[in-house]
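Pasted below: upload-v1.cif, mmCIF, C-alpha atoms and all ligand atoms.
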data_query
#
loop_
_atom_site.label_atom_id
_atom_site.label_comp_id
_atom_site.auth_asym_id
_atom_site.auth_seq_id
_atom_site.Cartn_x
_atom_site.Cartn_y
_atom_site.Cartn_z
CA MET F 115 112.14 104.23 104.09
CA ASN F 116 109.45 101.78 105.17
CA LYS F 117 109.96 98.32 106.56
CA THR F 118 108.15 95.35 105.11
CA PRO F 119 104.96 95.00 107.16
CA SER F 120 104.00 91.67 108.59
CA ALA F 121 101.00 90.38 106.69
CA PRO F 122 98.07 91.56 108.83
CA THR F 123 95.43 88.98 108.06
CA ARG F 124 97.46 86.11 106.72
CA GLY F 125 99.74 85.09 109.55
CA GLN F 126 103.46 84.89 108.97
CA LEU F 127 104.15 85.23 105.31
CA GLU F 128 107.17 86.47 103.42
CA LEU F 129 105.85 89.38 101.38
CA ARG F 130 107.38 89.62 97.95
CA GLY F 131 106.75 93.26 97.11
CA ALA F 132 109.56 95.84 97.06
CA TYR F 133 109.10 98.01 100.14
CA GLU F 134 112.40 99.93 100.03
CA HIS F 135 111.23 102.96 98.09
CA THR F 136 107.73 103.62 99.36
CA ALA F 137 106.37 106.97 100.50
CA PRO F 138 105.25 107.28 104.16
CA ASP F 139 101.74 106.25 103.08
CA TYR F 140 103.25 103.16 101.43
CA THR F 141 102.49 104.28 97.88
CA VAL F 142 104.87 103.80 94.96
CA GLU F 143 104.74 104.73 91.29
CA GLN F 144 103.03 102.28 88.99
CA ARG F 145 105.71 102.55 86.23
CA TRP F 146 103.37 101.04 83.65
CA GLU F 147 106.07 101.05 80.96
CA ASP F 148 108.07 98.53 82.97
CA TYR F 149 105.51 95.70 82.66
CA SER F 150 106.79 93.01 80.31
CA ALA F 151 104.85 91.45 77.46
CA ALA F 152 104.65 88.27 79.57
CA GLU F 153 103.05 90.23 82.43
CA HIS F 154 100.45 91.78 80.13
CA GLU F 155 99.80 88.26 78.86
CA VAL F 156 99.09 87.03 82.42
CA TRP F 157 96.61 89.88 82.80
CA ARG F 158 94.97 88.98 79.47
CA THR F 159 94.62 85.33 80.42
CA LEU F 160 93.16 86.02 83.86
CA TYR F 161 90.95 88.86 82.68
CA THR F 162 89.45 86.86 79.81
CA ARG F 163 88.79 83.87 82.01
CA GLN F 164 87.15 85.77 84.88
CA ARG F 165 85.28 88.23 82.67
CA ALA F 166 83.46 85.32 81.04
CA LEU F 167 82.22 84.13 84.44
CA LEU F 168 80.77 87.48 85.53
CA GLU F 169 77.64 87.17 83.43
CA ARG F 170 76.47 84.09 85.26
CA TYR F 171 78.07 84.40 88.69
CA ALA F 172 78.69 88.04 89.60
CA ALA F 173 76.37 90.76 90.83
CA PRO F 174 75.51 92.91 87.77
CA GLU F 175 77.18 95.92 89.41
CA VAL F 176 80.57 94.22 88.94
CA ALA F 177 80.51 94.06 85.12
CA ALA F 178 79.05 97.58 85.05
CA GLY F 179 81.90 98.81 87.24
CA LEU F 180 84.56 97.05 85.20
CA ALA F 181 83.32 98.85 82.09
CA ALA F 182 83.05 102.14 83.97
CA VAL F 183 86.76 102.10 84.95
CA GLY F 184 87.80 101.36 81.38
CA ALA F 185 89.51 98.01 82.00
CA ASP F 186 89.86 95.52 79.16
CA GLU F 187 91.69 92.32 78.29
CA HIS F 188 94.39 93.96 76.15
CA CYS F 189 96.80 95.01 78.85
CA ILE F 190 97.33 95.83 82.50
CA PRO F 191 95.36 99.01 83.23
CA ARG F 192 97.12 102.35 83.60
CA PHE F 193 96.13 103.61 87.04
CA ALA F 194 96.21 107.26 85.93
CA ALA F 195 93.63 106.59 83.21
CA VAL F 196 91.43 104.58 85.58
CA ASN F 197 91.54 107.43 88.07
CA GLU F 198 90.11 109.91 85.59
CA LEU F 199 87.03 107.70 85.28
CA LEU F 200 86.76 106.74 88.96
CA ARG F 201 86.97 110.35 90.05
CA GLN F 202 83.96 111.22 87.95
CA ALA F 203 81.99 108.17 89.09
CA THR F 204 82.47 108.28 92.86
CA GLY F 205 85.43 110.49 93.75
CA TRP F 206 87.64 107.47 94.45
CA ARG F 207 91.13 106.82 93.13
CA ILE F 208 93.51 103.90 93.22
CA VAL F 209 97.11 104.15 94.40
CA ALA F 210 99.97 101.78 93.67
CA VAL F 211 101.51 99.90 96.63
CA PRO F 212 104.13 97.13 96.89
CA GLY F 213 101.58 94.65 98.35
CA LEU F 214 99.95 94.32 101.77
CA ILE F 215 100.48 97.45 103.83
CA PRO F 216 100.07 98.05 107.58
CA GLU F 217 96.52 98.44 108.87
CA GLU F 218 97.00 102.04 109.91
CA GLN F 219 97.89 103.20 106.39
CA PHE F 220 95.36 100.85 104.79
CA PHE F 221 92.47 102.31 106.78
CA ALA F 222 93.73 105.86 106.20
CA HIS F 223 93.67 105.27 102.44
CA LEU F 224 90.11 103.93 102.48
CA ALA F 225 88.90 106.78 104.69
CA ALA F 226 90.36 109.18 102.09
CA ARG F 227 88.69 107.27 99.21
CA SER F 228 91.89 105.85 97.91
CA PHE F 229 92.27 102.11 97.33
CA PRO F 230 95.73 100.50 97.43
CA VAL F 231 96.44 98.22 94.46
CA SER F 232 99.55 96.02 94.35
CA VAL F 233 101.79 96.90 91.41
CA TRP F 234 103.11 93.40 90.72
CA ILE F 235 101.27 90.62 88.93
CA ARG F 236 101.56 86.87 89.53
CA LYS F 237 103.69 84.54 87.40
CA PRO F 238 102.19 82.30 84.70
CA HIS F 239 102.45 79.21 86.94
CA GLU F 240 100.40 80.94 89.69
CA LEU F 241 97.20 81.67 87.77
CA ASP F 242 94.98 79.68 90.12
CA TYR F 243 96.34 80.42 93.56
CA LEU F 244 98.38 83.03 95.36
CA ALA F 245 98.84 83.60 99.10
CA GLU F 246 99.01 87.41 98.94
CA PRO F 247 97.09 89.98 96.88
CA ASP F 248 98.62 90.90 93.50
CA LEU F 249 97.50 93.41 90.88
CA PHE F 250 94.94 91.06 89.39
CA HIS F 251 93.22 90.36 92.71
CA ASP F 252 93.31 93.99 93.81
CA PHE F 253 92.21 95.42 90.50
CA PHE F 254 89.77 92.92 89.02
CA GLY F 255 88.38 92.00 92.44
CA HIS F 256 88.11 95.35 94.16
CA VAL F 257 88.18 98.23 91.71
CA PRO F 258 84.92 97.67 89.72
CA LEU F 259 82.70 98.22 92.76
CA LEU F 260 84.55 101.43 93.65
CA ALA F 261 82.62 102.87 90.68
CA ASN F 262 79.34 101.99 92.44
CA PRO F 263 78.22 104.94 94.61
CA VAL F 264 76.68 102.86 97.41
CA PHE F 265 79.51 100.35 97.66
CA ALA F 266 82.11 103.11 97.41
CA ARG F 267 80.47 104.90 100.33
CA PHE F 268 80.61 101.67 102.33
CA MET F 269 84.33 101.27 101.66
CA GLN F 270 85.02 104.76 102.93
CA ALA F 271 82.89 104.15 106.02
CA TYR F 272 84.84 100.93 106.59
CA GLY F 273 88.10 102.87 106.54
CA VAL F 274 86.80 105.33 109.13
CA ALA F 275 85.49 102.45 111.26
CA GLY F 276 88.91 100.79 110.93
CA GLN F 277 90.64 103.81 112.38
CA LYS F 278 88.25 103.78 115.34
CA ALA F 279 88.64 100.02 115.75
CA GLN F 280 92.40 100.48 116.06
CA ALA F 281 91.88 102.78 119.03
CA HIS F 282 89.59 100.09 120.52
CA ARG F 283 92.00 97.23 119.75
CA ALA F 284 89.09 95.65 117.89
CA VAL F 285 90.54 95.38 114.38
CA PRO F 286 90.25 91.55 114.31
CA LEU F 287 86.47 91.85 114.79
CA LEU F 288 86.13 94.45 112.04
CA ALA F 289 88.46 92.49 109.76
CA ARG F 290 85.92 89.66 109.81
CA VAL F 291 83.38 92.09 108.33
CA TYR F 292 85.81 92.94 105.52
CA TRP F 293 86.49 89.27 104.93
CA TYR F 294 82.83 88.21 104.74
CA THR F 295 81.69 91.21 102.66
CA VAL F 296 84.39 92.94 100.60
CA GLU F 297 86.39 89.74 100.05
CA PHE F 298 83.84 86.88 100.12
CA GLY F 299 80.40 88.47 100.03
CA LEU F 300 77.39 87.11 98.15
CA LEU F 301 74.39 89.17 97.09
CA ARG F 302 70.88 87.87 96.45
CA GLY F 303 69.26 90.22 93.95
CA ALA F 304 66.86 90.14 91.03
CA ALA F 305 69.27 87.87 89.15
CA GLY F 306 69.44 85.36 92.02
CA LEU F 307 72.45 84.51 94.16
CA ARG F 308 75.60 86.26 92.90
CA ALA F 309 79.13 86.97 94.09
CA TYR F 310 80.50 90.45 94.74
CA GLY F 311 83.53 89.73 96.98
CA ALA F 312 86.98 90.27 95.49
CA GLY F 313 88.43 87.05 96.87
CA ILE F 314 85.72 85.16 95.02
CA LEU F 315 85.78 87.14 91.78
CA SER F 316 89.54 86.83 91.35
CA SER F 317 89.36 83.02 91.71
CA LYS F 318 88.04 80.86 88.89
CA GLY F 319 87.25 77.94 91.18
CA GLU F 320 85.63 79.87 94.01
CA THR F 321 83.49 81.97 91.65
CA VAL F 322 81.58 78.84 90.65
CA TYR F 323 81.83 77.15 94.06
CA SER F 324 80.51 80.11 96.08
CA VAL F 325 77.31 80.30 94.04
CA GLU F 326 76.66 76.67 93.11
CA SER F 327 78.30 74.26 95.53
CA PRO F 328 76.10 72.49 98.10
CA GLU F 329 79.08 72.31 100.51
CA PRO F 330 79.23 75.74 102.20
CA ASN F 331 76.70 77.36 104.51
CA ARG F 332 75.02 80.50 103.23
CA VAL F 333 73.47 82.75 105.88
CA ALA F 334 71.83 86.18 105.74
CA PHE F 335 74.28 88.92 106.71
CA GLU F 336 74.04 90.19 110.26
CA LEU F 337 76.84 92.39 111.56
CA GLU F 338 77.29 90.96 115.04
CA ARG F 339 77.08 87.39 113.74
CA VAL F 340 79.79 88.17 111.19
CA MET F 341 82.03 89.80 113.79
CA ARG F 342 81.83 86.60 115.84
CA THR F 343 82.71 84.24 113.00
CA ASP F 344 86.18 82.85 112.26
CA TYR F 345 87.31 82.55 108.67
CA ARG F 346 89.69 80.32 106.75
CA ILE F 347 92.40 81.70 104.55
CA ASP F 348 93.68 78.42 103.13
CA SER F 349 90.64 76.91 101.39
CA TYR F 350 87.33 77.83 99.79
CA GLN F 351 85.03 79.35 102.43
CA ARG F 352 82.71 77.09 104.39
CA MET F 353 80.44 80.00 105.22
CA TYR F 354 79.21 82.86 103.06
CA PHE F 355 77.12 85.76 104.36
CA VAL F 356 74.48 87.03 101.94
CA ILE F 357 73.17 90.58 101.55
CA ASP F 358 70.08 91.60 99.57
CA SER F 359 71.51 94.94 98.44
CA PHE F 360 74.61 97.07 99.03
CA GLU F 361 72.46 99.43 101.12
CA GLU F 362 72.16 96.59 103.63
CA LEU F 363 75.85 96.96 104.45
CA PHE F 364 74.97 100.24 106.15
CA GLU F 365 71.98 99.07 108.11
CA ALA F 366 74.40 97.66 110.63
CA GLY F 367 75.08 101.23 111.68
CA TYR F 368 78.23 102.56 110.04
CA GLY F 369 78.80 106.07 111.20
CA THR F 370 77.57 105.10 114.63
CA ASP F 371 79.86 103.88 117.37
CA PHE F 372 80.79 100.21 117.28
CA GLY F 373 82.47 100.55 120.69
CA PRO F 374 79.65 98.95 122.72
CA LEU F 375 79.45 96.11 120.19
CA TYR F 376 83.20 95.49 120.40
CA ASP F 377 83.02 95.52 124.19
CA ARG F 378 80.19 92.99 124.17
CA ILE F 379 81.93 90.56 121.83
CA GLY F 380 85.34 91.17 123.34
CA ASP F 381 87.90 88.48 122.67
CA ALA F 382 85.53 85.53 123.01
CA PRO F 383 86.62 82.63 120.78
CA GLY F 384 85.23 82.85 117.26
CA ILE F 385 82.44 80.65 115.94
CA ALA F 386 83.73 78.10 113.44
CA PRO F 387 82.55 78.76 109.87
CA GLU F 388 80.98 75.28 109.67
CA VAL F 389 78.63 76.05 112.56
CA LEU F 390 75.04 77.27 112.17
CA LEU F 391 73.22 78.97 115.07
CA PRO F 392 69.49 78.72 115.88
CA THR F 393 69.21 82.48 115.27
CA ASP F 394 70.73 82.33 111.75
CA ARG F 395 68.57 83.08 108.76
CA VAL F 396 69.82 80.14 106.74
CA ILE F 397 69.76 80.46 102.95
CA SER F 398 71.40 77.10 102.35
CA ARG F 399 72.69 74.60 104.85
CA GLY F 400 76.08 73.26 103.83
CA THR F 401 76.96 69.61 103.51
CA HIS F 402 80.33 70.06 105.22
N1 LIG Q 1 96.94 96.10 102.50
N2 LIG Q 1 97.37 96.34 100.25
C1 LIG Q 1 96.57 95.91 101.23
N3 LIG Q 1 95.41 95.27 100.93
C2 LIG Q 1 94.57 94.82 101.90
O1 LIG Q 1 93.52 94.26 101.60
C3 LIG Q 1 94.93 95.01 103.25
C4 LIG Q 1 96.14 95.67 103.51
N4 LIG Q 1 96.50 95.88 104.79
C5 LIG Q 1 95.65 95.53 105.89
C6 LIG Q 1 94.43 94.80 105.53
N5 LIG Q 1 94.13 94.58 104.28
C7 LIG Q 1 93.53 94.28 106.63
O2 LIG Q 1 94.18 94.43 107.86
C8 LIG Q 1 92.18 94.96 106.78
O3 LIG Q 1 91.32 94.57 105.80
C9 LIG Q 1 91.50 94.63 108.05
FE FE Q 2 91.40 91.78 98.64
#
Rewrite the structure from the file as structure tokens, please.
Ligand code: HBI
Ligand code: FE
Amino acid sequence: MNKTPSAPTRGQLELRGAYEHTAPDYTVEQRWEDYSAAEHEVWRTLYTRQRALLERYAAPEVAAGLAAVGADEHCIPRFAAVNELLRQATGWRIVAVPGLIPEEQFFAHLAARSFPVSVWIRKPHELDYLAEPDLFHDFFGHVPLLANPVFARFMQAYGVAGQKAQAHRAVPLLARVYWYTVEFGLLRGAAGLRAYGAGILSSKGETVYSVESPEPNRVAFELERVMRTDYRIDSYQRMYFVIDSFEELFEAGYGTDFGPLYDRIGDAPGIAPEVLLPTDRVISRGTH
């Protein structure tokens, strides 16, 4: 029987998932039949709303991935059916979990190409904001890009790097990379500036804000710069890091040893997200 983990990246937070009956790797059964009509309705509302924004605001790979995993507005996806499609696309699968899980198991899942998705979905009065990841965030935000071969390879490499970072006591530095790419990343491609981060794509307000608002800074992605930068968990981001392609996520040297980089950065205080450095390749200077 597992204990409820403390929320790793979100400070002290009462987690609301049911952790009593998890396997040692923190997985549970999805029990799709147990979702109520009201829960499917929450999915339908959120899905319809966010799907309509993808065309204008998301990297094209997101809508392609959403179609590839067979998700639609009708009901909460069945993980088993999604896994048939994901396996063919990239060899990934999703597993059901009660919510946030400890870093050790989280990294182990990613390294094994399995992505943990919370089984519970938010209540109708929480459509716009939630402090912890639910099924909608985890699925709509993260799962589409697992069908993209390049991004999927990056997620696996991140899991392996996470396991090494644990040995180095450097997880907080690597977690900033996850935050500014997987959760809040922007991509500048043929279609212009677009969002690909799950934290953005699962939020109606931030989807528009991240791409169009003059307030935040937008700076070209650079691994060491990202590892040095603090992030905010309680408001829209004041800094976004921009890649030109998913391949760029690897140029930083995944597969190589981040040890020397971690040692160099150490536990120096983080750079505030409002701050621009002379060395930054600035894409837009924020008004904050
Ligand atoms: N667990 N279910 C879940 N989802 C996450 O995104 C997650 C987690 N545990 C740990 C964690 N994230 C972070 O510590 C890493 O991204 C660094
Ligand atoms: Fe997430």
*Taking all atoms listed in the file into account, report as a list in words which residues have an atom no farther than 8 Å from an atom of ligand LIG 1 (chain Q).*
Ala121, Pro122, Thr123, Val211, Pro212, Gly213, Leu214, Ile215, Pro216, Glu217, Glu218, Gln219, Phe220, Phe221, Pro230, Val231, Ser232, Pro247, Asp252, Gly276, Val285, Pro286, Leu288, Ala289, Arg290, Tyr292 and Trp293 of chain F
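Using only C-alpha atoms and all ligand atoms for every distance, the candidate list F:Glu155, F:Asp248, F:Glu143, F:Glu320 yields F:Asp248 as the residue closest to ligand FE 2 (chain Q).
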Per residue of chain F within 8 Å of ligand FE 2 (chain Q), note the shortest atom pair and the distance in Å to one decimal, counting only C-alpha atoms and all ligand atoms, and order the rows by chain and increasing residue number, as CSV.
residue,atom,partner,partner_atom,distance
F:Pro247,CA,Q:FE2,FE,6.2
F:His251,CA,Q:FE2,FE,6.4
F:Asp252,CA,Q:FE2,FE,5.6
F:Gly255,CA,Q:FE2,FE,6.9
F:His256,CA,Q:FE2,FE,6.6
F:Val296,CA,Q:FE2,FE,7.4
F:Glu297,CA,Q:FE2,FE,5.6
F:Ala312,CA,Q:FE2,FE,5.6
F:Gly313,CA,Q:FE2,FE,5.9
Any chance you could export the current selection's C-alpha atoms as a JSON list (two decimals), in the frame of the given file?
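Listed below is the output, out35.json:
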[["chain", "number", "residue", "atom", "x", "y", "z"],
["F", 247, "PRO", "CA", 97.09, 89.98, 96.88],
["F", 251, "HIS", "CA", 93.22, 90.36, 92.71],
["F", 252, "ASP", "CA", 93.31, 93.99, 93.81],
["F", 255, "GLY", "CA", 88.38, 92.00, 92.44],
["F", 256, "HIS", "CA", 88.11, 95.35, 94.16],
["F", 296, "VAL", "CA", 84.39, 92.94, 100.60],
["F", 297, "GLU", "CA", 86.39, 89.74, 100.05],
["F", 312, "ALA", "CA", 86.98, 90.27, 95.49],
["F", 313, "GLY", "CA", 88.43, 87.05, 96.87]]
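Shortest atom-to-atom contact with Asn331 (chain F) among F:Phe372, F:Trp206, F:Tyr310, F:Tyr354: F:Tyr354, counting all atoms listed in the file.
Nearest to Ile385 (chain F) of all the residues F:Ala137, F:Ala151, F:Ile235, F:Met353 is F:Met353, based on all atoms listed in the file.
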*Extract, using only C-alpha atoms, all DNA, RNA and protein residues at most 9 Å from Arg207 (chain F), discarding same-chain residues fewer than 3 positions from it, and format them as a VMD selection string.*
chain F and resid 193 to 194 196 to 201 204 227 to 230 260
Would you write out those residues with C-alpha atoms, as a CSV table (one decimal), in the frame of the given file?
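Dumped everything to selection_0.csv:
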chain,number,residue,atom,x,y,z
F,193,PHE,CA,96.1,103.6,87.0
F,194,ALA,CA,96.2,107.3,85.9
F,196,VAL,CA,91.4,104.6,85.6
F,197,ASN,CA,91.5,107.4,88.1
F,198,GLU,CA,90.1,109.9,85.6
F,199,LEU,CA,87.0,107.7,85.3
F,200,LEU,CA,86.8,106.7,89.0
F,201,ARG,CA,87.0,110.4,90.0
F,204,THR,CA,82.5,108.3,92.9
F,227,ARG,CA,88.7,107.3,99.2
F,228,SER,CA,91.9,105.8,97.9
F,229,PHE,CA,92.3,102.1,97.3
F,230,PRO,CA,95.7,100.5,97.4
F,260,LEU,CA,84.6,101.4,93.6
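Counting all atoms listed in the file, the residue from F:Leu307, F:Arg192, F:Glu169, F:Ala181 that sits nearest to Trp146 (chain F) is F:Arg192.
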*Around the point (72.4, 73.1, 106.3), in the coordinates given by the file, pick out the residues reaching within 10 Å, counting only C-alpha atoms, and return them as a ChimeraX atom specification.*
/F:328-333,388-390,396-402
*How far is it from CA of Val356 (chain F) to CA of Ile208 (chain F), in Å with one decimal?*
26.9 Å
*Would you kindly return, as an NGL selection string, each protein, DNA or RNA residue with an atom no farther than 10 Å from any atom of Leu300 (chain F), considering all atoms listed in the file and excluding same-chain residues fewer than 5 positions away?*
:F and (171-173 or 294-295 or 307-311 or 314 or 324-325 or 332-335 or 354-359)
Residues within 12 Å of (80.9, 81.8, 119.4), counting only C-alpha atoms, listed as an mmCIF file with C-alpha atoms, in the frame of the given file:
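As a result, result-v3.cif now contains:
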data_model
loop_
_atom_site.group_PDB
_atom_site.id
_atom_site.type_symbol
_atom_site.label_atom_id
_atom_site.label_comp_id
_atom_site.auth_asym_id
_atom_site.auth_seq_id
_atom_site.Cartn_x
_atom_site.Cartn_y
_atom_site.Cartn_z
ATOM 1 C CA GLU F 338 77.290 90.960 115.040
ATOM 2 C CA ARG F 339 77.080 87.390 113.740
ATOM 3 C CA VAL F 340 79.790 88.170 111.190
ATOM 4 C CA MET F 341 82.030 89.800 113.790
ATOM 5 C CA ARG F 342 81.830 86.600 115.840
ATOM 6 C CA THR F 343 82.710 84.240 113.000
ATOM 7 C CA ASP F 344 86.180 82.850 112.260
ATOM 8 C CA ILE F 379 81.930 90.560 121.830
ATOM 9 C CA GLY F 380 85.340 91.170 123.340
ATOM 10 C CA ASP F 381 87.900 88.480 122.670
ATOM 11 C CA ALA F 382 85.530 85.530 123.010
ATOM 12 C CA PRO F 383 86.620 82.630 120.780
ATOM 13 C CA GLY F 384 85.230 82.850 117.260
ATOM 14 C CA ILE F 385 82.440 80.650 115.940
ATOM 15 C CA ALA F 386 83.730 78.100 113.440
ATOM 16 C CA PRO F 387 82.550 78.760 109.870
ATOM 17 C CA GLU F 388 80.980 75.280 109.670
ATOM 18 C CA VAL F 389 78.630 76.050 112.560
ATOM 19 C CA LEU F 390 75.040 77.270 112.170
ATOM 20 C CA LEU F 391 73.220 78.970 115.070
#
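Straight-line separation from CA of Ala245 (chain F) to CA of Pro258 (chain F): 21.9 Å.
Put simply, CA of Leu241 (chain F) is 24.6 Å away from CA of Glu175 (chain F).
With all atoms listed in the file as the atoms that count, the minimum distance from Lys318 (chain F) to the choices F:Arg163, F:Ile190, F:Trp157, F:Gly131 is reached by F:Arg163.
Take the candidates F:Phe268, F:His135, F:Val209, F:Ser317 and check each one against Ala366 (chain F) using all atoms listed in the file; the shortest distance goes to F:Phe268.
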Residue rebuild result region 206-233 of chain F, N, CA and C atoms as a CSV table (one decimal), in the coordinates of the input:
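That gives us rebuild08.csv:
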chain,number,residue,atom,x,y,z
F,206,TRP,N,86.5,108.3,94.0
F,206,TRP,CA,87.6,107.5,94.4
F,206,TRP,C,88.8,107.5,93.5
F,207,ARG,N,90.0,107.0,94.0
F,207,ARG,CA,91.1,106.8,93.1
F,207,ARG,C,91.8,105.6,93.6
F,208,ILE,N,92.7,105.0,92.8
F,208,ILE,CA,93.5,103.9,93.2
F,208,ILE,C,95.0,104.4,93.3
F,209,VAL,N,95.7,103.8,94.2
F,209,VAL,CA,97.1,104.2,94.4
F,209,VAL,C,97.9,102.9,94.3
F,210,ALA,N,99.1,103.0,93.8
F,210,ALA,CA,100.0,101.8,93.7
F,210,ALA,C,100.7,101.6,95.0
F,211,VAL,N,100.8,100.3,95.4
F,211,VAL,CA,101.5,99.9,96.6
F,211,VAL,C,102.3,98.6,96.3
F,212,PRO,N,103.3,98.3,97.2
F,212,PRO,CA,104.1,97.1,96.9
F,212,PRO,C,103.4,95.8,97.2
F,213,GLY,N,102.3,95.9,97.9
F,213,GLY,CA,101.6,94.6,98.4
F,213,GLY,C,100.8,95.0,99.6
F,214,LEU,N,100.6,94.0,100.5
F,214,LEU,CA,100.0,94.3,101.8
F,214,LEU,C,100.7,95.5,102.5
F,215,ILE,N,99.9,96.3,103.1
F,215,ILE,CA,100.5,97.4,103.8
F,215,ILE,C,99.9,97.4,105.3
F,216,PRO,N,100.6,98.1,106.2
F,216,PRO,CA,100.1,98.0,107.6
F,216,PRO,C,98.6,98.6,107.7
F,217,GLU,N,97.9,98.1,108.7
F,217,GLU,CA,96.5,98.4,108.9
F,217,GLU,C,96.3,100.0,108.9
F,218,GLU,N,97.2,100.6,109.7
F,218,GLU,CA,97.0,102.0,109.9
F,218,GLU,C,96.9,102.8,108.6
F,219,GLN,N,97.9,102.5,107.7
F,219,GLN,CA,97.9,103.2,106.4
F,219,GLN,C,96.8,102.7,105.5
F,220,PHE,N,96.4,101.4,105.6
F,220,PHE,CA,95.4,100.8,104.8
F,220,PHE,C,94.0,101.6,105.1
F,221,PHE,N,93.7,101.6,106.4
F,221,PHE,CA,92.5,102.3,106.8
F,221,PHE,C,92.5,103.8,106.4
F,222,ALA,N,93.6,104.4,106.5
F,222,ALA,CA,93.7,105.9,106.2
F,222,ALA,C,93.4,106.1,104.7
F,223,HIS,N,94.0,105.2,103.9
F,223,HIS,CA,93.7,105.3,102.4
F,223,HIS,C,92.2,105.1,102.2
F,224,LEU,N,91.5,104.1,102.7
F,224,LEU,CA,90.1,103.9,102.5
F,224,LEU,C,89.3,105.1,103.0
F,225,ALA,N,89.6,105.6,104.1
F,225,ALA,CA,88.9,106.8,104.7
F,225,ALA,C,89.0,108.0,103.8
F,226,ALA,N,90.1,108.1,103.0
F,226,ALA,CA,90.4,109.2,102.1
F,226,ALA,C,90.0,108.8,100.7
F,227,ARG,N,89.2,107.8,100.5
F,227,ARG,CA,88.7,107.3,99.2
F,227,ARG,C,89.8,106.9,98.3
F,228,SER,N,90.8,106.3,98.8
F,228,SER,CA,91.9,105.8,97.9
F,228,SER,C,92.1,104.4,98.2
F,229,PHE,N,92.1,103.6,97.1
F,229,PHE,CA,92.3,102.1,97.3
F,229,PHE,C,93.6,101.6,96.9
F,230,PRO,N,94.4,101.0,97.8
F,230,PRO,CA,95.7,100.5,97.4
F,230,PRO,C,95.7,99.3,96.5
F,231,VAL,N,96.4,99.3,95.4
F,231,VAL,CA,96.4,98.2,94.5
F,231,VAL,C,97.9,97.8,94.3
F,232,SER,N,98.2,96.5,94.5
F,232,SER,CA,99.6,96.0,94.4
F,232,SER,C,100.0,96.3,92.9
F,233,VAL,N,101.3,96.6,92.8
F,233,VAL,CA,101.8,96.9,91.4
F,233,VAL,C,102.2,95.6,90.7
